[in-house]
Amino acid sequence: MRIILLCASLLASAWTANGQSCSFFGSSRSPKAVTNLGNCSWYETNACCERAEVSSVFDEMPALQFASTQCRNRVNYLMCYFCSPIQSSFMQINSGIREVSVCENFCNEVMSTCGGALHKGQRLDSVYKSGRGFCQSLGFKVETFGCFRFDSTVFPSGANSLMQSSHTLLLVLCLIFTFVGFFLV
């Protein structure tokens with residue numbers, strides 16, 4: 001039993017040493033598996049957030065009209081920052097104020113994909129002149145290093161999905177022809 005507790009303690013220390021801490025929620029929370037995270041499902045195997053917290057954020061989030069899929073994916077990802085198990089690498093607490101740093105290129109990607117979307121009847125690119133301005137209006141600090149960045153592997157892109165489905169189709173056809181050819185010989 002002591003060995004199990006020692007291993008659990010060492011594993012928890014390793015997670016924290018690798019940047020795996022939930023500093024957004026204070027020092028008492030560590031990343032863990034959480035089911036049904038809804039909009040932040042890619043964090044389910046190792047999350048700092050709870051299902052109710054995700055629901056609360058997305059219930060209060062204003063809708064963007066005429067937003068592309070790329071826009072919605074980036075805004076969705078941005079709003080899930082508090083679920084990240086490596087949040088200590090992009091969040092600091094200075095004088096009791098929590099500062100979340102978002103990468104400038106991520107902010108620019110949001111604006112380039114969401115500029116034409118409407119919020120309260122106004123195009124985002126007419127309200128915000130840059131991605132930096134957009135992220136700062138949400139209370140984020142904008143940086144180039146040590147910041148929250150978009151992971152493009154979370155949401156499949158149309159081209160990648162098409163390529164994967166084409167490869168799958170080709171593989172299935174090859175197997176069918178091989179199988180049929182085997183019985184014809």
# chains A, B, ... in the order shown; residues from 1 in each chain; ligands from 1
>>> residues_around(residues="Gln87 of chain A", least_positions_apart="5", cutoff="8 Å", atoms="only C-alpha atoms", output="PDB file with N, CA, C and O atoms, in the first residue's frame")
ATOM      1  N   GLY A  19       4.742  20.988 -16.013  1.00  0.00           N
ATOM      2  CA  GLY A  19       3.807  22.047 -16.349  1.00  0.00           C
ATOM      3  C   GLY A  19       2.366  21.612 -16.239  1.00  0.00           C
ATOM      4  O   GLY A  19       1.464  22.308 -16.666  1.00  0.00           O
ATOM      5  N   GLN A  20       2.114  20.474 -15.648  1.00  0.00           N
ATOM      6  CA  GLN A  20       0.760  19.942 -15.530  1.00  0.00           C
ATOM      7  C   GLN A  20       0.158  20.367 -14.197  1.00  0.00           C
ATOM      8  O   GLN A  20       0.067  19.592 -13.269  1.00  0.00           O
ATOM      9  N   SER A  21      -0.235  21.617 -14.095  1.00  0.00           N
ATOM     10  CA  SER A  21      -0.920  22.069 -12.887  1.00  0.00           C
ATOM     11  C   SER A  21      -2.064  22.986 -13.279  1.00  0.00           C
ATOM     12  O   SER A  21      -2.051  23.601 -14.333  1.00  0.00           O
ATOM     13  N   CYS A  22      -3.030  23.056 -12.418  1.00  0.00           N
ATOM     14  CA  CYS A  22      -4.237  23.839 -12.691  1.00  0.00           C
ATOM     15  C   CYS A  22      -4.185  25.169 -11.950  1.00  0.00           C
ATOM     16  O   CYS A  22      -5.014  25.439 -11.078  1.00  0.00           O
ATOM     17  N   SER A  23      -3.235  25.992 -12.287  1.00  0.00           N
ATOM     18  CA  SER A  23      -3.019  27.247 -11.579  1.00  0.00           C
ATOM     19  C   SER A  23      -4.209  28.197 -11.686  1.00  0.00           C
ATOM     20  O   SER A  23      -4.397  29.053 -10.829  1.00  0.00           O
ATOM     21  N   PHE A  24      -5.025  28.063 -12.711  1.00  0.00           N
ATOM     22  CA  PHE A  24      -6.217  28.895 -12.857  1.00  0.00           C
ATOM     23  C   PHE A  24      -7.145  28.717 -11.657  1.00  0.00           C
ATOM     24  O   PHE A  24      -7.821  29.640 -11.235  1.00  0.00           O
ATOM     25  N   TYR A  81      -9.288  27.577 -22.730  1.00  0.00           N
ATOM     26  CA  TYR A  81      -7.938  27.679 -22.159  1.00  0.00           C
ATOM     27  C   TYR A  81      -7.880  27.196 -20.717  1.00  0.00           C
ATOM     28  O   TYR A  81      -6.885  26.613 -20.277  1.00  0.00           O
ATOM     29  N   PHE A  82      -8.922  27.419 -19.945  1.00  0.00           N
ATOM     30  CA  PHE A  82      -8.907  27.075 -18.521  1.00  0.00           C
ATOM     31  C   PHE A  82      -8.949  25.562 -18.277  1.00  0.00           C
ATOM     32  O   PHE A  82      -8.757  25.111 -17.157  1.00  0.00           O
ATOM     33  N   PHE A 148      -0.721  30.751 -24.683  1.00  0.00           N
ATOM     34  CA  PHE A 148      -1.692  29.748 -25.130  1.00  0.00           C
ATOM     35  C   PHE A 148      -1.794  29.821 -26.643  1.00  0.00           C
ATOM     36  O   PHE A 148      -2.035  30.878 -27.209  1.00  0.00           O
TER      37      PHE A 148
END
>>> closest_residue(among="A:Ser152, A:Ser126, A:Thr113, A:Asn36", to="Cys49 of chain A", atoms="only C-alpha atoms")
A:Asn36
>>> closest_residue(among="A:Gly26, A:Ser55, A:Val110, A:Gln70", to="Arg98 of chain A", atoms="only C-alpha atoms")
A:Gly26
>>> closest_residue(among="A:Glu60, A:Asp151, A:Glu53, A:Asp125", to="Asn105 of chain A", atoms="only C-alpha atoms")
A:Asp151
>>> residues_around(residues="Phe106 of chain A", least_positions_apart="3", cutoff="6 Å", atoms="only C-alpha atoms", output="PDB file with C-alpha atoms, in the first residue's frame")
ATOM      1  CA  CYS A 103      -0.102  33.929 -28.519  1.00  0.00           C
ATOM      2  CA  GLU A 109      -5.777  33.688 -36.718  1.00  0.00           C
ATOM      3  CA  ARG A 149      -1.587  28.659 -28.760  1.00  0.00           C
ATOM      4  CA  PHE A 150      -4.037  27.017 -31.115  1.00  0.00           C
TER       5      PHE A 150
END
>>> decode(residues="segment 97-113 of chain A", atoms="all heavy atoms", output="CSV table (one decimal), in the first residue's frame")
chain,number,residue,atom,x,y,z
A,97,ILE,N,-3.7,39.2,-9.4
A,97,ILE,CA,-4.5,39.3,-10.6
A,97,ILE,C,-4.0,38.2,-11.5
A,97,ILE,O,-2.8,38.1,-11.8
A,97,ILE,CB,-4.3,40.7,-11.3
A,97,ILE,CG1,-4.8,41.8,-10.3
A,97,ILE,CG2,-5.0,40.7,-12.6
A,97,ILE,CD1,-4.5,43.2,-10.8
A,98,ARG,N,-4.9,37.4,-12.0
A,98,ARG,CA,-4.6,36.3,-12.9
A,98,ARG,C,-4.4,36.9,-14.3
A,98,ARG,O,-5.3,37.6,-14.9
A,98,ARG,CB,-5.8,35.3,-12.9
A,98,ARG,CG,-5.6,34.1,-13.7
A,98,ARG,CD,-6.7,33.1,-13.6
A,98,ARG,NE,-8.0,33.6,-13.3
A,98,ARG,CZ,-8.8,33.2,-12.3
A,98,ARG,NH1,-8.4,32.1,-11.6
A,98,ARG,NH2,-9.9,33.7,-12.1
A,99,GLU,N,-3.3,36.6,-15.0
A,99,GLU,CA,-3.0,37.0,-16.3
A,99,GLU,C,-2.8,35.8,-17.2
A,99,GLU,O,-2.0,35.0,-17.0
A,99,GLU,CB,-1.7,37.9,-16.4
A,99,GLU,CG,-1.8,39.2,-15.7
A,99,GLU,CD,-0.5,40.0,-15.8
A,99,GLU,OE1,0.5,39.4,-16.0
A,99,GLU,OE2,-0.6,41.2,-15.6
A,100,VAL,N,-3.7,35.7,-18.2
A,100,VAL,CA,-3.6,34.6,-19.2
A,100,VAL,C,-3.0,35.2,-20.5
A,100,VAL,O,-3.6,36.1,-21.0
A,100,VAL,CB,-5.0,34.0,-19.4
A,100,VAL,CG1,-4.9,32.9,-20.5
A,100,VAL,CG2,-5.6,33.4,-18.1
A,101,SER,N,-1.9,34.6,-20.9
A,101,SER,CA,-1.2,35.0,-22.1
A,101,SER,C,-1.7,34.2,-23.3
A,101,SER,O,-1.6,32.9,-23.2
A,101,SER,CB,0.3,34.9,-22.0
A,101,SER,OG,0.7,35.8,-20.9
A,102,VAL,N,-2.1,34.8,-24.3
A,102,VAL,CA,-2.5,34.1,-25.6
A,102,VAL,C,-1.5,34.6,-26.7
A,102,VAL,O,-1.1,35.7,-26.7
A,102,VAL,CB,-3.9,34.5,-26.0
A,102,VAL,CG1,-4.3,33.9,-27.3
A,102,VAL,CG2,-4.9,34.1,-24.9
A,103,CYS,N,-1.1,33.6,-27.5
A,103,CYS,CA,-0.1,33.9,-28.5
A,103,CYS,C,-0.7,34.9,-29.6
A,103,CYS,O,-1.8,34.7,-30.0
A,103,CYS,CB,0.4,32.7,-29.2
A,103,CYS,SG,1.3,31.6,-28.1
A,104,GLU,N,0.1,35.9,-29.9
A,104,GLU,CA,-0.3,36.9,-30.9
A,104,GLU,C,-0.8,36.2,-32.2
A,104,GLU,O,-1.8,36.6,-32.8
A,104,GLU,CB,0.7,37.9,-31.1
A,104,GLU,CG,0.3,39.1,-32.0
A,104,GLU,CD,1.2,40.2,-31.9
A,104,GLU,OE1,2.4,40.1,-31.6
A,104,GLU,OE2,0.8,41.3,-32.3
A,105,ASN,N,0.0,35.2,-32.7
A,105,ASN,CA,-0.4,34.6,-33.9
A,105,ASN,C,-1.8,33.9,-33.8
A,105,ASN,O,-2.5,33.8,-34.8
A,105,ASN,CB,0.7,33.7,-34.5
A,105,ASN,CG,1.0,32.5,-33.6
A,105,ASN,OD1,0.6,32.5,-32.4
A,105,ASN,ND2,1.7,31.6,-34.1
A,106,PHE,N,-2.1,33.4,-32.6
A,106,PHE,CA,-3.4,32.8,-32.4
A,106,PHE,C,-4.5,33.9,-32.5
A,106,PHE,O,-5.5,33.7,-33.2
A,106,PHE,CB,-3.4,32.0,-31.1
A,106,PHE,CG,-4.7,31.3,-30.8
A,106,PHE,CD1,-5.7,31.0,-31.7
A,106,PHE,CD2,-5.0,30.9,-29.5
A,106,PHE,CE1,-6.9,30.3,-31.4
A,106,PHE,CE2,-6.1,30.2,-29.2
A,106,PHE,CZ,-7.1,29.9,-30.1
A,107,CYS,N,-4.3,35.0,-31.8
A,107,CYS,CA,-5.2,36.1,-31.9
A,107,CYS,C,-5.4,36.6,-33.3
A,107,CYS,O,-6.6,36.8,-33.7
A,107,CYS,CB,-4.7,37.3,-31.0
A,107,CYS,SG,-4.6,36.9,-29.3
A,108,ASN,N,-4.3,36.6,-34.1
A,108,ASN,CA,-4.4,37.0,-35.5
A,108,ASN,C,-5.2,36.0,-36.3
A,108,ASN,O,-6.0,36.4,-37.2
A,108,ASN,CB,-3.0,37.3,-36.1
A,108,ASN,CG,-2.4,38.5,-35.5
A,108,ASN,OD1,-3.0,39.4,-35.0
A,108,ASN,ND2,-1.0,38.5,-35.5
A,109,GLU,N,-5.0,34.7,-36.0
A,109,GLU,CA,-5.8,33.7,-36.7
A,109,GLU,C,-7.3,33.8,-36.4
A,109,GLU,O,-8.1,33.7,-37.3
A,109,GLU,CB,-5.3,32.3,-36.3
A,109,GLU,CG,-4.1,31.8,-36.9
A,109,GLU,CD,-3.8,30.4,-36.4
A,109,GLU,OE1,-4.7,29.5,-36.4
A,109,GLU,OE2,-2.6,30.1,-36.1
A,110,VAL,N,-7.6,34.1,-35.2
A,110,VAL,CA,-9.0,34.3,-34.8
A,110,VAL,C,-9.6,35.5,-35.7
A,110,VAL,O,-10.6,35.3,-36.3
A,110,VAL,CB,-9.2,34.6,-33.3
A,110,VAL,CG1,-10.6,35.0,-33.0
A,110,VAL,CG2,-8.8,33.4,-32.5
A,111,MET,N,-8.9,36.6,-35.7
A,111,MET,CA,-9.4,37.7,-36.5
A,111,MET,C,-9.4,37.4,-38.0
A,111,MET,O,-10.4,37.8,-38.7
A,111,MET,CB,-8.5,39.0,-36.2
A,111,MET,CG,-8.9,39.7,-34.9
A,111,MET,SD,-10.7,40.1,-34.8
A,111,MET,CE,-10.9,41.2,-36.2
A,112,SER,N,-8.4,36.7,-38.5
A,112,SER,CA,-8.4,36.5,-40.0
A,112,SER,C,-9.6,35.5,-40.3
A,112,SER,O,-10.1,35.6,-41.4
A,112,SER,CB,-7.1,35.9,-40.4
A,112,SER,OG,-6.9,34.6,-40.0
A,113,THR,N,-10.0,34.6,-39.4
A,113,THR,CA,-11.1,33.7,-39.8
A,113,THR,C,-12.4,34.2,-39.3
A,113,THR,O,-13.4,33.7,-39.8
A,113,THR,CB,-10.8,32.3,-39.1
A,113,THR,OG1,-10.7,32.4,-37.7
A,113,THR,CG2,-9.6,31.6,-39.7
